[in-house]
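**Student:** Okay, handing you the structure first.
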Amino acid sequence: MTQRSAPFLETADRIGRKLCREAVWDGKRCTWLGWSMEAINQQWIPAYRSYASELYSGTSGIALFLAELHRFTNDPQQRRALEGAVNQTLSLTDTLQGSRRIGFYSGISGIAYSLSRIGTLLGNEKLVARSLSEMATLNGIAPDKNLIDVIGGSAGAIPALLALGQSHGRADLIETATVHGDHLLNTAMQSEQGWSWDTMQVVGQKNLTGHSHGVAGVVTALLELHRATGEARFRDGALQGLRYERHLFNPAYNNWPDLRIMNPGAAQQSVYNMAWCHGAPGIGLSRLRNYELLDGDSEIREEMDAAIQTTAAALSLPWTPGMGNYSLCHGACGNAELLLMAAQQLNRPELRQIAEKVGWEGYQYFAQPELPWPCGVSGAGETPNLMLGTAGIGHYYLRLHDPVSVPSVLIVTPEVS
């Protein structure tokens, strides 16, 4: 541990110890109470509830952070809490039925991926085997025409299936990933501008750009399949998706529009968000991976550089309390993940400095004075989950501490051996 990275691990450890204190126990299982967003009458509102098992805002996401943290701290309470969260997760896997199991951040593919990582970190072969058996349940589930995106659909499941399939020699999982890839090709909406996907089924809404719900995430899943299988149809579909997203890029904003209809009764204005879920930071993560998968394509490089430039400029502004949140989904930590990954992949240390700036400001404003972290549930307080709350913030600080051995949770990058 270097002196400079020590506060980053210290911050992650503080978050981990607080999660241990806040865990709600029942025998050998534990969960947490916290804020999340619930869809009620076509509106998203804050809701305080006990957590389910999914990666996005459930026990598997918190367990994953605690497992990554424990190997640096060797804290027995963190080990106890992560094992309790794993036990709770395993007790709930059967509650996800049918096509709901497909999702990475919302279903079994993400839970299985996280359990495999946790089992590997703990040296628990039974847990790794359980993760593979859970992932294999997707083999018999037909893709759903309404479940396409990275959050809950085929685009999120594909990289996870490939990652476990390749690392464990499971051809069945790779074949299931291929089935989902063909589903993406079959559901593409073809136009003169390229291919896109109706991921949210909102009347009158254009097909979205972006990583979590839009074309960028689908493109990356198809390119992962092309790398894994060599099948040209997946590359061809991805290139068509890139055409669609490319024609919507706005040079004046150096960004892509968020095409969601947020207020159906009002006139729609162009919005250019800055988040992992919608906007340049998430699209930048996709393009960074696309640049690898397409062996240095020049147009991809231009788009990647634009996303990095826009994200770096936004994060270079001094942080002031109240200017935003620190969550992974649509906060400073998720945005800074692009710069952290780009610094490592492109050998650009100046981007690492901006990513560290985000960490130092959080340490100064929230960790040191032990104030609540600004999380990603609008209109609510601090919450403990992965994508909207403190487990994800802690995970980002672990990434700052050791970006090589702690993999990102914002994009899955399987490798062909």
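In the structure tokens, chains take the letters A, B, ... in the order shown, each chain's residues start at 1, and ligands count up from 1 in the order shown.
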Just list the residues in range 217-333 of chain A DSSP gives alpha helix (DSSP H) on the backbone, as a ChimeraX atom specification.
**Tutor:** /A:217-229,232-247,280-293,298-315,332-333
**Student:** List the spatial neighbours of range 219-225 of chain A as an mmCIF file with C-alpha atoms, in the first residue's frame - criterion: any atom at most 10 Å away, only C-alpha atoms, same-chain residues fewer than 6 positions off excluded.
**Tutor:**
```
data_model
loop_
_atom_site.group_PDB
_atom_site.id
_atom_site.type_symbol
_atom_site.label_atom_id
_atom_site.label_comp_id
_atom_site.auth_asym_id
_atom_site.auth_seq_id
_atom_site.Cartn_x
_atom_site.Cartn_y
_atom_site.Cartn_z
ATOM 1 C CA ASP A 149 -30.713 -4.012 -22.291
ATOM 2 C CA VAL A 150 -27.712 -4.320 -19.974
ATOM 3 C CA SER A 154 -29.850 -10.170 -23.003
ATOM 4 C CA ALA A 155 -27.180 -7.490 -23.469
ATOM 5 C CA GLY A 156 -26.241 -7.723 -19.801
ATOM 6 C CA ALA A 157 -26.402 -11.508 -19.607
ATOM 7 C CA ILE A 158 -24.151 -12.148 -22.616
ATOM 8 C CA PRO A 159 -20.812 -10.924 -21.169
ATOM 9 C CA ALA A 160 -21.495 -12.704 -17.862
ATOM 10 C CA LEU A 162 -19.182 -15.657 -21.718
ATOM 11 C CA ALA A 163 -17.029 -14.829 -18.696
ATOM 12 C CA ILE A 174 -21.309 -19.854 -24.389
ATOM 13 C CA ALA A 177 -24.874 -16.400 -24.850
ATOM 14 C CA THR A 178 -25.066 -17.058 -28.593
ATOM 15 C CA HIS A 180 -29.180 -14.257 -26.660
ATOM 16 C CA GLY A 181 -26.982 -12.664 -29.310
ATOM 17 C CA ASP A 182 -29.238 -13.940 -32.062
ATOM 18 C CA LEU A 184 -30.578 -9.148 -30.162
ATOM 19 C CA LEU A 185 -30.094 -9.387 -33.903
ATOM 20 C CA TRP A 195 -29.899 -0.524 -36.030
ATOM 21 C CA SER A 196 -31.383 0.231 -32.635
ATOM 22 C CA HIS A 211 -24.737 1.889 -21.980
ATOM 23 C CA GLU A 231 -19.309 -15.289 -35.992
ATOM 24 C CA ALA A 232 -19.391 -12.314 -38.380
ATOM 25 C CA ARG A 233 -23.119 -11.677 -37.918
ATOM 26 C CA PHE A 234 -22.514 -10.361 -34.410
ATOM 27 C CA ARG A 235 -19.856 -7.916 -35.590
ATOM 28 C CA ASP A 236 -22.087 -6.785 -38.456
ATOM 29 C CA GLY A 237 -24.984 -6.122 -36.075
ATOM 30 C CA ALA A 238 -22.712 -4.200 -33.722
ATOM 31 C CA LEU A 239 -21.458 -1.982 -36.541
ATOM 32 C CA GLN A 240 -25.041 -1.172 -37.468
ATOM 33 C CA GLY A 241 -25.739 -0.201 -33.877
ATOM 34 C CA LEU A 242 -22.700 2.062 -33.869
ATOM 35 C CA GLU A 245 -25.684 5.992 -32.069
ATOM 36 C CA ILE A 283 -20.935 5.266 -23.631
ATOM 37 C CA LEU A 285 -16.867 2.721 -21.108
ATOM 38 C CA SER A 286 -18.519 0.856 -23.976
ATOM 39 C CA ARG A 287 -16.320 2.548 -26.582
ATOM 40 C CA LEU A 288 -13.199 1.851 -24.542
ATOM 41 C CA ARG A 289 -14.054 -1.846 -24.695
ATOM 42 C CA ASN A 290 -15.169 -1.590 -28.343
ATOM 43 C CA GLU A 292 -10.154 -3.319 -27.868
ATOM 44 C CA LEU A 293 -12.674 -5.618 -29.513
ATOM 45 C CA LEU A 294 -12.385 -3.903 -32.911
ATOM 46 C CA ILE A 411 -18.734 -3.380 -17.404
ATOM 47 C CA VAL A 412 -17.923 -7.100 -17.663
ATOM 48 C CA THR A 413 -14.976 -7.832 -19.935
ATOM 49 C CA PRO A 414 -14.592 -11.568 -20.599
ATOM 50 C CA GLU A 415 -11.387 -12.658 -22.210
ATOM 51 C CA VAL A 416 -10.813 -15.514 -24.637
#
```
**Student:** Name all residues at most 12 Å from Arg29 in chain A (count only C-alpha atoms; drop same-chain ones fewer than 4 positions away) and give them as a PyMOL selection string.
**Tutor:** chain A and resi 23-25+53+59+63+80-92
**Student:** For the residues in that selection, give me N, CA, C and O atoms as an mmCIF file, in the first residue's frame.
**Tutor:**
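Contents of the output file again_38.cif:
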```
data_model
loop_
_atom_site.group_PDB
_atom_site.id
_atom_site.type_symbol
_atom_site.label_atom_id
_atom_site.label_comp_id
_atom_site.auth_asym_id
_atom_site.auth_seq_id
_atom_site.Cartn_x
_atom_site.Cartn_y
_atom_site.Cartn_z
ATOM 1 N N ALA A 23 -26.142 -4.337 9.239
ATOM 2 C CA ALA A 23 -26.756 -5.569 8.741
ATOM 3 C C ALA A 23 -27.863 -6.048 9.673
ATOM 4 O O ALA A 23 -27.751 -5.965 10.900
ATOM 5 N N VAL A 24 -28.932 -6.564 9.090
ATOM 6 C CA VAL A 24 -30.063 -7.114 9.832
ATOM 7 C C VAL A 24 -29.996 -8.636 9.712
ATOM 8 O O VAL A 24 -30.068 -9.181 8.604
ATOM 9 N N TRP A 25 -29.883 -9.316 10.862
ATOM 10 C CA TRP A 25 -29.572 -10.742 10.868
ATOM 11 C C TRP A 25 -30.783 -11.615 11.193
ATOM 12 O O TRP A 25 -31.656 -11.234 11.953
ATOM 13 N N SER A 53 -32.215 -9.836 -3.644
ATOM 14 C CA SER A 53 -30.927 -10.500 -3.862
ATOM 15 C C SER A 53 -30.129 -9.956 -5.031
ATOM 16 O O SER A 53 -28.960 -10.308 -5.204
ATOM 17 N N THR A 59 -28.586 -7.887 -1.936
ATOM 18 C CA THR A 59 -27.553 -8.465 -1.073
ATOM 19 C C THR A 59 -26.344 -8.977 -1.849
ATOM 20 O O THR A 59 -25.220 -8.942 -1.328
ATOM 21 N N ALA A 63 -22.538 -8.043 -0.923
ATOM 22 C CA ALA A 63 -21.605 -9.140 -0.645
ATOM 23 C C ALA A 63 -20.377 -9.051 -1.528
ATOM 24 O O ALA A 63 -19.244 -9.305 -1.083
ATOM 25 N N ARG A 80 -17.839 -12.217 8.099
ATOM 26 C CA ARG A 80 -19.125 -12.725 8.603
ATOM 27 C C ARG A 80 -20.293 -12.107 7.848
ATOM 28 O O ARG A 80 -21.233 -12.804 7.453
ATOM 29 N N ALA A 81 -20.234 -10.786 7.609
ATOM 30 C CA ALA A 81 -21.338 -10.110 6.932
ATOM 31 C C ALA A 81 -21.445 -10.532 5.472
ATOM 32 O O ALA A 81 -22.560 -10.723 4.954
ATOM 33 N N LEU A 82 -20.322 -10.694 4.799
ATOM 34 C CA LEU A 82 -20.410 -11.080 3.394
ATOM 35 C C LEU A 82 -20.951 -12.506 3.274
ATOM 36 O O LEU A 82 -21.720 -12.806 2.349
ATOM 37 N N GLU A 83 -20.571 -13.389 4.208
ATOM 38 C CA GLU A 83 -21.106 -14.742 4.178
ATOM 39 C C GLU A 83 -22.597 -14.748 4.504
ATOM 40 O O GLU A 83 -23.373 -15.503 3.900
ATOM 41 N N GLY A 84 -23.016 -13.888 5.430
ATOM 42 C CA GLY A 84 -24.439 -13.776 5.721
ATOM 43 C C GLY A 84 -25.220 -13.265 4.526
ATOM 44 O O GLY A 84 -26.334 -13.730 4.242
ATOM 45 N N ALA A 85 -24.635 -12.294 3.792
ATOM 46 C CA ALA A 85 -25.291 -11.772 2.598
ATOM 47 C C ALA A 85 -25.349 -12.821 1.492
ATOM 48 O O ALA A 85 -26.352 -12.917 0.769
ATOM 49 N N VAL A 86 -24.317 -13.625 1.360
ATOM 50 C CA VAL A 86 -24.330 -14.714 0.384
ATOM 51 C C VAL A 86 -25.418 -15.720 0.741
ATOM 52 O O VAL A 86 -26.175 -16.178 -0.131
ATOM 53 N N ASN A 87 -25.525 -16.070 2.025
ATOM 54 C CA ASN A 87 -26.552 -17.024 2.439
ATOM 55 C C ASN A 87 -27.955 -16.491 2.144
ATOM 56 O O ASN A 87 -28.840 -17.237 1.708
ATOM 57 N N GLN A 88 -28.152 -15.198 2.383
ATOM 58 C CA GLN A 88 -29.442 -14.600 2.077
ATOM 59 C C GLN A 88 -29.698 -14.605 0.569
ATOM 60 O O GLN A 88 -30.814 -14.913 0.117
ATOM 61 N N THR A 89 -28.694 -14.288 -0.204
ATOM 62 C CA THR A 89 -28.833 -14.309 -1.656
ATOM 63 C C THR A 89 -29.228 -15.686 -2.153
ATOM 64 O O THR A 89 -30.156 -15.838 -2.961
ATOM 65 N N LEU A 90 -28.530 -16.711 -1.662
ATOM 66 C CA LEU A 90 -28.819 -18.079 -2.096
ATOM 67 C C LEU A 90 -30.221 -18.509 -1.698
ATOM 68 O O LEU A 90 -30.872 -19.290 -2.409
ATOM 69 N N SER A 91 -30.708 -17.998 -0.588
ATOM 70 C CA SER A 91 -32.056 -18.373 -0.139
ATOM 71 C C SER A 91 -33.152 -17.771 -1.005
ATOM 72 O O SER A 91 -34.303 -18.196 -0.930
ATOM 73 N N LEU A 92 -32.783 -16.775 -1.835
ATOM 74 C CA LEU A 92 -33.796 -16.056 -2.622
ATOM 75 C C LEU A 92 -33.707 -16.326 -4.118
ATOM 76 O O LEU A 92 -34.496 -15.759 -4.881
#
```
**Student:** Could you check how far CA of Gln43 in chain A sits from CA of Lys145 in chain A, in Å to one decimal?
**Tutor:**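 Computed distance, CA of Gln43 in chain A to CA of Lys145 in chain A, equals 23.0 Å.
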**Student:** Residues of range 76-286 of chain A classed as strand (DSSP E or B) by DSSP on the backbone are to be reported as a list in words.
**Tutor:**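 Put together, the selection reads Met189, Gln190, Ser191, Gly194, Trp195, Ser196, Asn250, Asn255, Met274 and Gly279 of chain A.
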**Student:** Take the residues that were just selected and, keeping all heavy atoms, output them as a JSON list (two decimals), in the first residue's frame.
**Tutor:**
```
[["chain", "number", "residue", "atom", "x", "y", "z"],
["A", 189, "MET", "N", -34.29, -2.96, -34.67],
["A", 189, "MET", "CA", -35.12, -2.14, -35.55],
["A", 189, "MET", "C", -34.20, -1.46, -36.56],
["A", 189, "MET", "O", -33.34, -0.66, -36.19],
["A", 189, "MET", "CB", -35.90, -1.13, -34.73],
["A", 189, "MET", "CG", -36.82, -1.77, -33.70],
["A", 189, "MET", "SD", -37.71, -0.58, -32.66],
["A", 189, "MET", "CE", -38.80, 0.16, -33.88],
["A", 190, "GLN", "N", -34.36, -1.83, -37.82],
["A", 190, "GLN", "CA", -33.44, -1.40, -38.86],
["A", 190, "GLN", "C", -33.95, -0.13, -39.56],
["A", 190, "GLN", "O", -35.13, -0.03, -39.88],
["A", 190, "GLN", "CB", -33.24, -2.52, -39.87],
["A", 190, "GLN", "CG", -32.72, -3.81, -39.24],
["A", 190, "GLN", "CD", -32.49, -4.92, -40.25],
["A", 190, "GLN", "OE1", -32.33, -4.66, -41.45],
["A", 190, "GLN", "NE2", -32.47, -6.15, -39.78],
["A", 191, "SER", "N", -33.05, 0.83, -39.76],
["A", 191, "SER", "CA", -33.40, 2.07, -40.43],
["A", 191, "SER", "C", -32.22, 2.54, -41.25],
["A", 191, "SER", "O", -31.14, 1.94, -41.24],
["A", 191, "SER", "CB", -33.78, 3.14, -39.40],
["A", 191, "SER", "OG", -32.62, 3.56, -38.68],
["A", 194, "GLY", "N", -29.14, 3.10, -39.20],
["A", 194, "GLY", "CA", -28.52, 1.98, -38.53],
["A", 194, "GLY", "C", -29.54, 1.18, -37.74],
["A", 194, "GLY", "O", -30.75, 1.32, -37.93],
["A", 195, "TRP", "N", -29.03, 0.34, -36.83],
["A", 195, "TRP", "CA", -29.90, -0.52, -36.03],
["A", 195, "TRP", "C", -29.99, 0.00, -34.60],
["A", 195, "TRP", "O", -29.00, 0.51, -34.04],
["A", 195, "TRP", "CB", -29.36, -1.94, -35.99],
["A", 195, "TRP", "CG", -29.38, -2.66, -37.30],
["A", 195, "TRP", "CD1", -29.70, -2.14, -38.53],
["A", 195, "TRP", "CD2", -29.05, -4.03, -37.52],
["A", 195, "TRP", "NE1", -29.60, -3.10, -39.49],
["A", 195, "TRP", "CE2", -29.20, -4.28, -38.91],
["A", 195, "TRP", "CE3", -28.65, -5.07, -36.69],
["A", 195, "TRP", "CZ2", -28.95, -5.53, -39.48],
["A", 195, "TRP", "CZ3", -28.40, -6.31, -37.24],
["A", 195, "TRP", "CH2", -28.56, -6.54, -38.62],
["A", 196, "SER", "N", -31.18, -0.16, -34.03],
["A", 196, "SER", "CA", -31.38, 0.23, -32.63],
["A", 196, "SER", "C", -32.39, -0.73, -32.01],
["A", 196, "SER", "O", -32.96, -1.59, -32.70],
["A", 196, "SER", "CB", -31.88, 1.68, -32.54],
["A", 196, "SER", "OG", -33.11, 1.84, -33.24],
["A", 250, "ASN", "N", -23.84, 14.74, -30.74],
["A", 250, "ASN", "CA", -23.91, 16.20, -30.92],
["A", 250, "ASN", "C", -22.55, 16.81, -30.60],
["A", 250, "ASN", "O", -22.17, 16.88, -29.42],
["A", 250, "ASN", "CB", -24.98, 16.79, -30.01],
["A", 250, "ASN", "CG", -25.26, 18.25, -30.30],
["A", 250, "ASN", "OD1", -24.38, 18.99, -30.74],
["A", 250, "ASN", "ND2", -26.48, 18.70, -30.05],
["A", 255, "ASN", "N", -21.41, 14.91, -26.75],
["A", 255, "ASN", "CA", -22.18, 13.94, -25.97],
["A", 255, "ASN", "C", -23.32, 13.40, -26.83],
["A", 255, "ASN", "O", -23.59, 13.91, -27.93],
["A", 255, "ASN", "CB", -22.73, 14.62, -24.70],
["A", 255, "ASN", "CG", -23.09, 13.63, -23.60],
["A", 255, "ASN", "OD1", -23.16, 12.42, -23.82],
["A", 255, "ASN", "ND2", -23.34, 14.16, -22.42],
["A", 274, "MET", "N", -24.85, 13.16, -17.93],
["A", 274, "MET", "CA", -23.49, 12.72, -17.65],
["A", 274, "MET", "C", -23.55, 11.63, -16.60],
["A", 274, "MET", "O", -23.54, 11.89, -15.40],
["A", 274, "MET", "CB", -22.65, 13.90, -17.14],
["A", 274, "MET", "CG", -22.32, 14.93, -18.21],
["A", 274, "MET", "SD", -21.17, 14.28, -19.44],
["A", 274, "MET", "CE", -19.76, 13.91, -18.41],
["A", 279, "GLY", "N", -25.51, 8.78, -21.19],
["A", 279, "GLY", "CA", -24.58, 9.86, -21.49],
["A", 279, "GLY", "C", -23.16, 9.40, -21.72],
["A", 279, "GLY", "O", -22.85, 8.21, -21.77]]
```
**Student:** Give me, as number ranges by chain, all polymer residues having an atom no more than 10 Å from range 365-382 of chain A, counting only C-alpha atoms and skipping those fewer than 3 positions away in the same chain.
**Tutor:** A: 7-8, 10-12, 14-15, 34-37, 44-48, 319-332, 359-362, 385, 387-390, 392-393
**Student:** Skipping near chain neighbours, those fewer than 2 positions away, what residues fall within 12 Å of Gln97 in chain A using only C-alpha atoms, listed as number ranges by chain?
**Tutor:** A: 92-95, 99-103, 106-108, 137-138, 140-141
**Student:** Excluding range 406-408 of chain A and any residue of its chain fewer than 5 positions from it, enumerate the residues within 10 Å of it, using only C-alpha atoms, and give them as a compact mmCIF listing (two decimals) with all heavy atoms, in the first residue's frame.
**Tutor:**
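As written to disk, out_14.txt reads:
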```
# COMPACT_ATOMS: atom_id res chain seq x y z
N PHE A 65 -18.96 -6.35 -2.84
CA PHE A 65 -18.06 -5.31 -2.31
C PHE A 65 -17.32 -5.80 -1.07
O PHE A 65 -16.10 -5.63 -0.96
CB PHE A 65 -18.84 -4.04 -1.98
CG PHE A 65 -18.11 -3.12 -1.05
CD1 PHE A 65 -16.89 -2.58 -1.41
CD2 PHE A 65 -18.63 -2.82 0.21
CE1 PHE A 65 -16.19 -1.74 -0.53
CE2 PHE A 65 -17.94 -1.99 1.08
CZ PHE A 65 -16.71 -1.46 0.72
N GLU A 68 -14.49 -8.18 -1.96
CA GLU A 68 -13.33 -7.48 -2.50
C GLU A 68 -12.57 -6.77 -1.38
O GLU A 68 -11.33 -6.75 -1.36
CB GLU A 68 -13.75 -6.48 -3.57
CG GLU A 68 -14.43 -7.08 -4.79
CD GLU A 68 -13.47 -7.76 -5.74
OE1 GLU A 68 -12.26 -7.82 -5.45
OE2 GLU A 68 -13.94 -8.26 -6.79
N LEU A 69 -13.30 -6.17 -0.46
CA LEU A 69 -12.68 -5.43 0.65
C LEU A 69 -11.96 -6.36 1.61
O LEU A 69 -10.85 -6.07 2.07
CB LEU A 69 -13.76 -4.64 1.39
CG LEU A 69 -13.34 -3.90 2.66
CD1 LEU A 69 -12.32 -2.82 2.33
CD2 LEU A 69 -14.57 -3.29 3.35
N ARG A 117 -17.28 -14.76 -8.41
CA ARG A 117 -16.16 -13.92 -7.98
C ARG A 117 -15.93 -14.06 -6.48
O ARG A 117 -14.78 -14.18 -6.02
CB ARG A 117 -16.47 -12.46 -8.34
CG ARG A 117 -15.46 -11.44 -7.82
CD ARG A 117 -14.11 -11.59 -8.48
NE ARG A 117 -13.18 -10.56 -8.00
CZ ARG A 117 -11.88 -10.57 -8.23
NH1 ARG A 117 -11.33 -11.53 -8.96
NH2 ARG A 117 -11.10 -9.62 -7.76
N GLY A 334 -19.34 6.58 -10.62
CA GLY A 334 -19.58 5.90 -11.88
C GLY A 334 -18.96 6.63 -13.05
O GLY A 334 -18.39 6.02 -13.97
N GLU A 337 -15.17 6.19 -13.12
CA GLU A 337 -14.72 4.85 -13.51
C GLU A 337 -14.19 4.85 -14.95
O GLU A 337 -13.21 4.17 -15.27
CB GLU A 337 -15.86 3.85 -13.37
CG GLU A 337 -15.52 2.42 -13.79
CD GLU A 337 -14.44 1.78 -12.93
OE1 GLU A 337 -14.53 1.88 -11.69
OE2 GLU A 337 -13.51 1.18 -13.50
N LEU A 338 -14.83 5.62 -15.83
CA LEU A 338 -14.33 5.72 -17.20
C LEU A 338 -12.88 6.21 -17.21
O LEU A 338 -12.03 5.67 -17.93
CB LEU A 338 -15.22 6.65 -18.02
CG LEU A 338 -14.65 7.08 -19.39
CD1 LEU A 338 -14.41 5.88 -20.28
CD2 LEU A 338 -15.58 8.09 -20.06
N LEU A 340 -10.67 6.13 -14.81
CA LEU A 340 -9.78 5.17 -14.17
C LEU A 340 -9.41 4.05 -15.14
O LEU A 340 -8.24 3.66 -15.25
CB LEU A 340 -10.46 4.61 -12.92
CG LEU A 340 -9.60 3.82 -11.94
CD1 LEU A 340 -8.46 4.67 -11.42
CD2 LEU A 340 -10.47 3.33 -10.78
N MET A 341 -10.40 3.55 -15.87
CA MET A 341 -10.14 2.48 -16.83
C MET A 341 -9.33 2.99 -18.02
O MET A 341 -8.42 2.32 -18.51
CB MET A 341 -11.45 1.86 -17.30
CG MET A 341 -12.17 1.07 -16.23
SD MET A 341 -13.59 0.14 -16.86
CE MET A 341 -12.75 -1.17 -17.75
N HIS A 395 -16.73 0.35 -3.38
CA HIS A 395 -16.10 -0.41 -4.45
C HIS A 395 -15.24 0.50 -5.32
O HIS A 395 -14.13 0.12 -5.74
CB HIS A 395 -17.16 -1.10 -5.30
CG HIS A 395 -16.63 -2.16 -6.20
ND1 HIS A 395 -16.03 -1.89 -7.41
CD2 HIS A 395 -16.59 -3.52 -6.06
CE1 HIS A 395 -15.65 -3.01 -7.97
NE2 HIS A 395 -15.96 -4.02 -7.20
N TYR A 396 -15.71 1.71 -5.58
CA TYR A 396 -14.91 2.65 -6.37
C TYR A 396 -13.61 2.99 -5.63
O TYR A 396 -12.54 3.08 -6.25
CB TYR A 396 -15.69 3.92 -6.68
CG TYR A 396 -14.85 4.95 -7.40
CD1 TYR A 396 -14.46 4.74 -8.72
CD2 TYR A 396 -14.39 6.09 -6.76
CE1 TYR A 396 -13.66 5.65 -9.39
CE2 TYR A 396 -13.59 7.02 -7.41
CZ TYR A 396 -13.23 6.79 -8.73
OH TYR A 396 -12.42 7.69 -9.39
N LEU A 398 -12.01 1.06 -3.62
CA LEU A 398 -11.12 -0.09 -3.79
C LEU A 398 -10.48 -0.07 -5.18
O LEU A 398 -9.32 -0.45 -5.34
CB LEU A 398 -11.90 -1.39 -3.60
CG LEU A 398 -12.32 -1.74 -2.17
CD1 LEU A 398 -13.08 -3.06 -2.17
CD2 LEU A 398 -11.11 -1.83 -1.25
N ARG A 399 -11.23 0.35 -6.18
CA ARG A 399 -10.68 0.46 -7.52
C ARG A 399 -9.56 1.51 -7.55
O ARG A 399 -8.53 1.31 -8.20
CB ARG A 399 -11.78 0.85 -8.51
CG ARG A 399 -12.81 -0.24 -8.75
CD ARG A 399 -12.38 -1.17 -9.86
NE ARG A 399 -12.27 -0.45 -11.11
CZ ARG A 399 -11.38 -0.72 -12.07
NH1 ARG A 399 -10.49 -1.69 -11.90
NH2 ARG A 399 -11.35 -0.02 -13.20
N LEU A 400 -9.75 2.63 -6.84
CA LEU A 400 -8.68 3.61 -6.75
C LEU A 400 -7.45 3.02 -6.06
O LEU A 400 -6.32 3.30 -6.44
CB LEU A 400 -9.16 4.84 -5.98
CG LEU A 400 -10.10 5.81 -6.70
CD1 LEU A 400 -10.55 6.90 -5.74
CD2 LEU A 400 -9.43 6.43 -7.93
N HIS A 401 -7.68 2.22 -5.04
CA HIS A 401 -6.58 1.61 -4.30
C HIS A 401 -5.83 0.60 -5.14
O HIS A 401 -4.59 0.55 -5.12
CB HIS A 401 -7.13 0.95 -3.04
CG HIS A 401 -6.10 0.23 -2.23
ND1 HIS A 401 -5.09 0.88 -1.56
CD2 HIS A 401 -5.92 -1.10 -2.01
CE1 HIS A 401 -4.32 -0.01 -0.95
NE2 HIS A 401 -4.80 -1.22 -1.22
N THR A 413 -15.86 -7.69 -18.78
CA THR A 413 -14.98 -7.83 -19.93
C THR A 413 -14.38 -9.24 -19.97
O THR A 413 -13.25 -9.45 -19.53
CB THR A 413 -13.85 -6.79 -19.91
OG1 THR A 413 -13.13 -6.88 -18.67
CG2 THR A 413 -14.42 -5.38 -20.04
```
**Student:** Would you work out the distance separating CA of His278 in chain A from CA of Leu64 in chain A, expressed in Å to one decimal?
**Tutor:**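 These atoms are spaced 24.1 Å apart.
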**Student:** Between CA of Gln193 in chain A and CA of Leu147 in chain A, what is the spacing in Å?
**Tutor:**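 Computed distance, CA of Leu147 in chain A to CA of Gln193 in chain A, equals 23.0 Å.
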**Student:** Between A:Asn74, A:Asn273, A:Ser57, A:Thr311, which has the minimum distance to Gly210 in chain A (counting only C-alpha atoms)?
**Tutor:** A:Asn273
**Student:** Let me make sure I understand: among A:Ala129, A:Leu19, A:Ile40, A:Val271, which one has the smallest atom-to-atom distance to Asp258 in chain A if we use only C-alpha atoms?
**Tutor:**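 Ranked by minimum distance to Asp258 in chain A, first place goes to A:Val271.
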**Student:** Using only C-alpha atoms, find the one residue out of A:Leu386, A:Thr31, A:Gly394, A:Gly165 that sits nearest to Leu55 in chain A.
**Tutor:**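 The closest residue to Leu55 in chain A is A:Leu386.
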**Student:** Using only C-alpha atoms, which of the listed residues (A:Asn146, A:Gln364, A:Gly61, A:Ser133) sits closest to His183 in chain A?
**Tutor:**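 Looking at the shortest contact to His183 in chain A, the residue is A:Asn146.
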**Student:** Taking only C-alpha atoms into account, name the residue in A:His213, A:Asn347, A:Met304, A:Leu115 that is nearest to Val128 in chain A.
**Tutor:**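 So, comparing all the options, the nearest one is A:Leu115.
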**Student:** Of the candidates A:Ala306, A:Ile354, A:Ile300, A:Cys277, which shows the shortest atom-to-atom distance to Leu410 in chain A, using only C-alpha atoms?
**Tutor:** A:Cys277
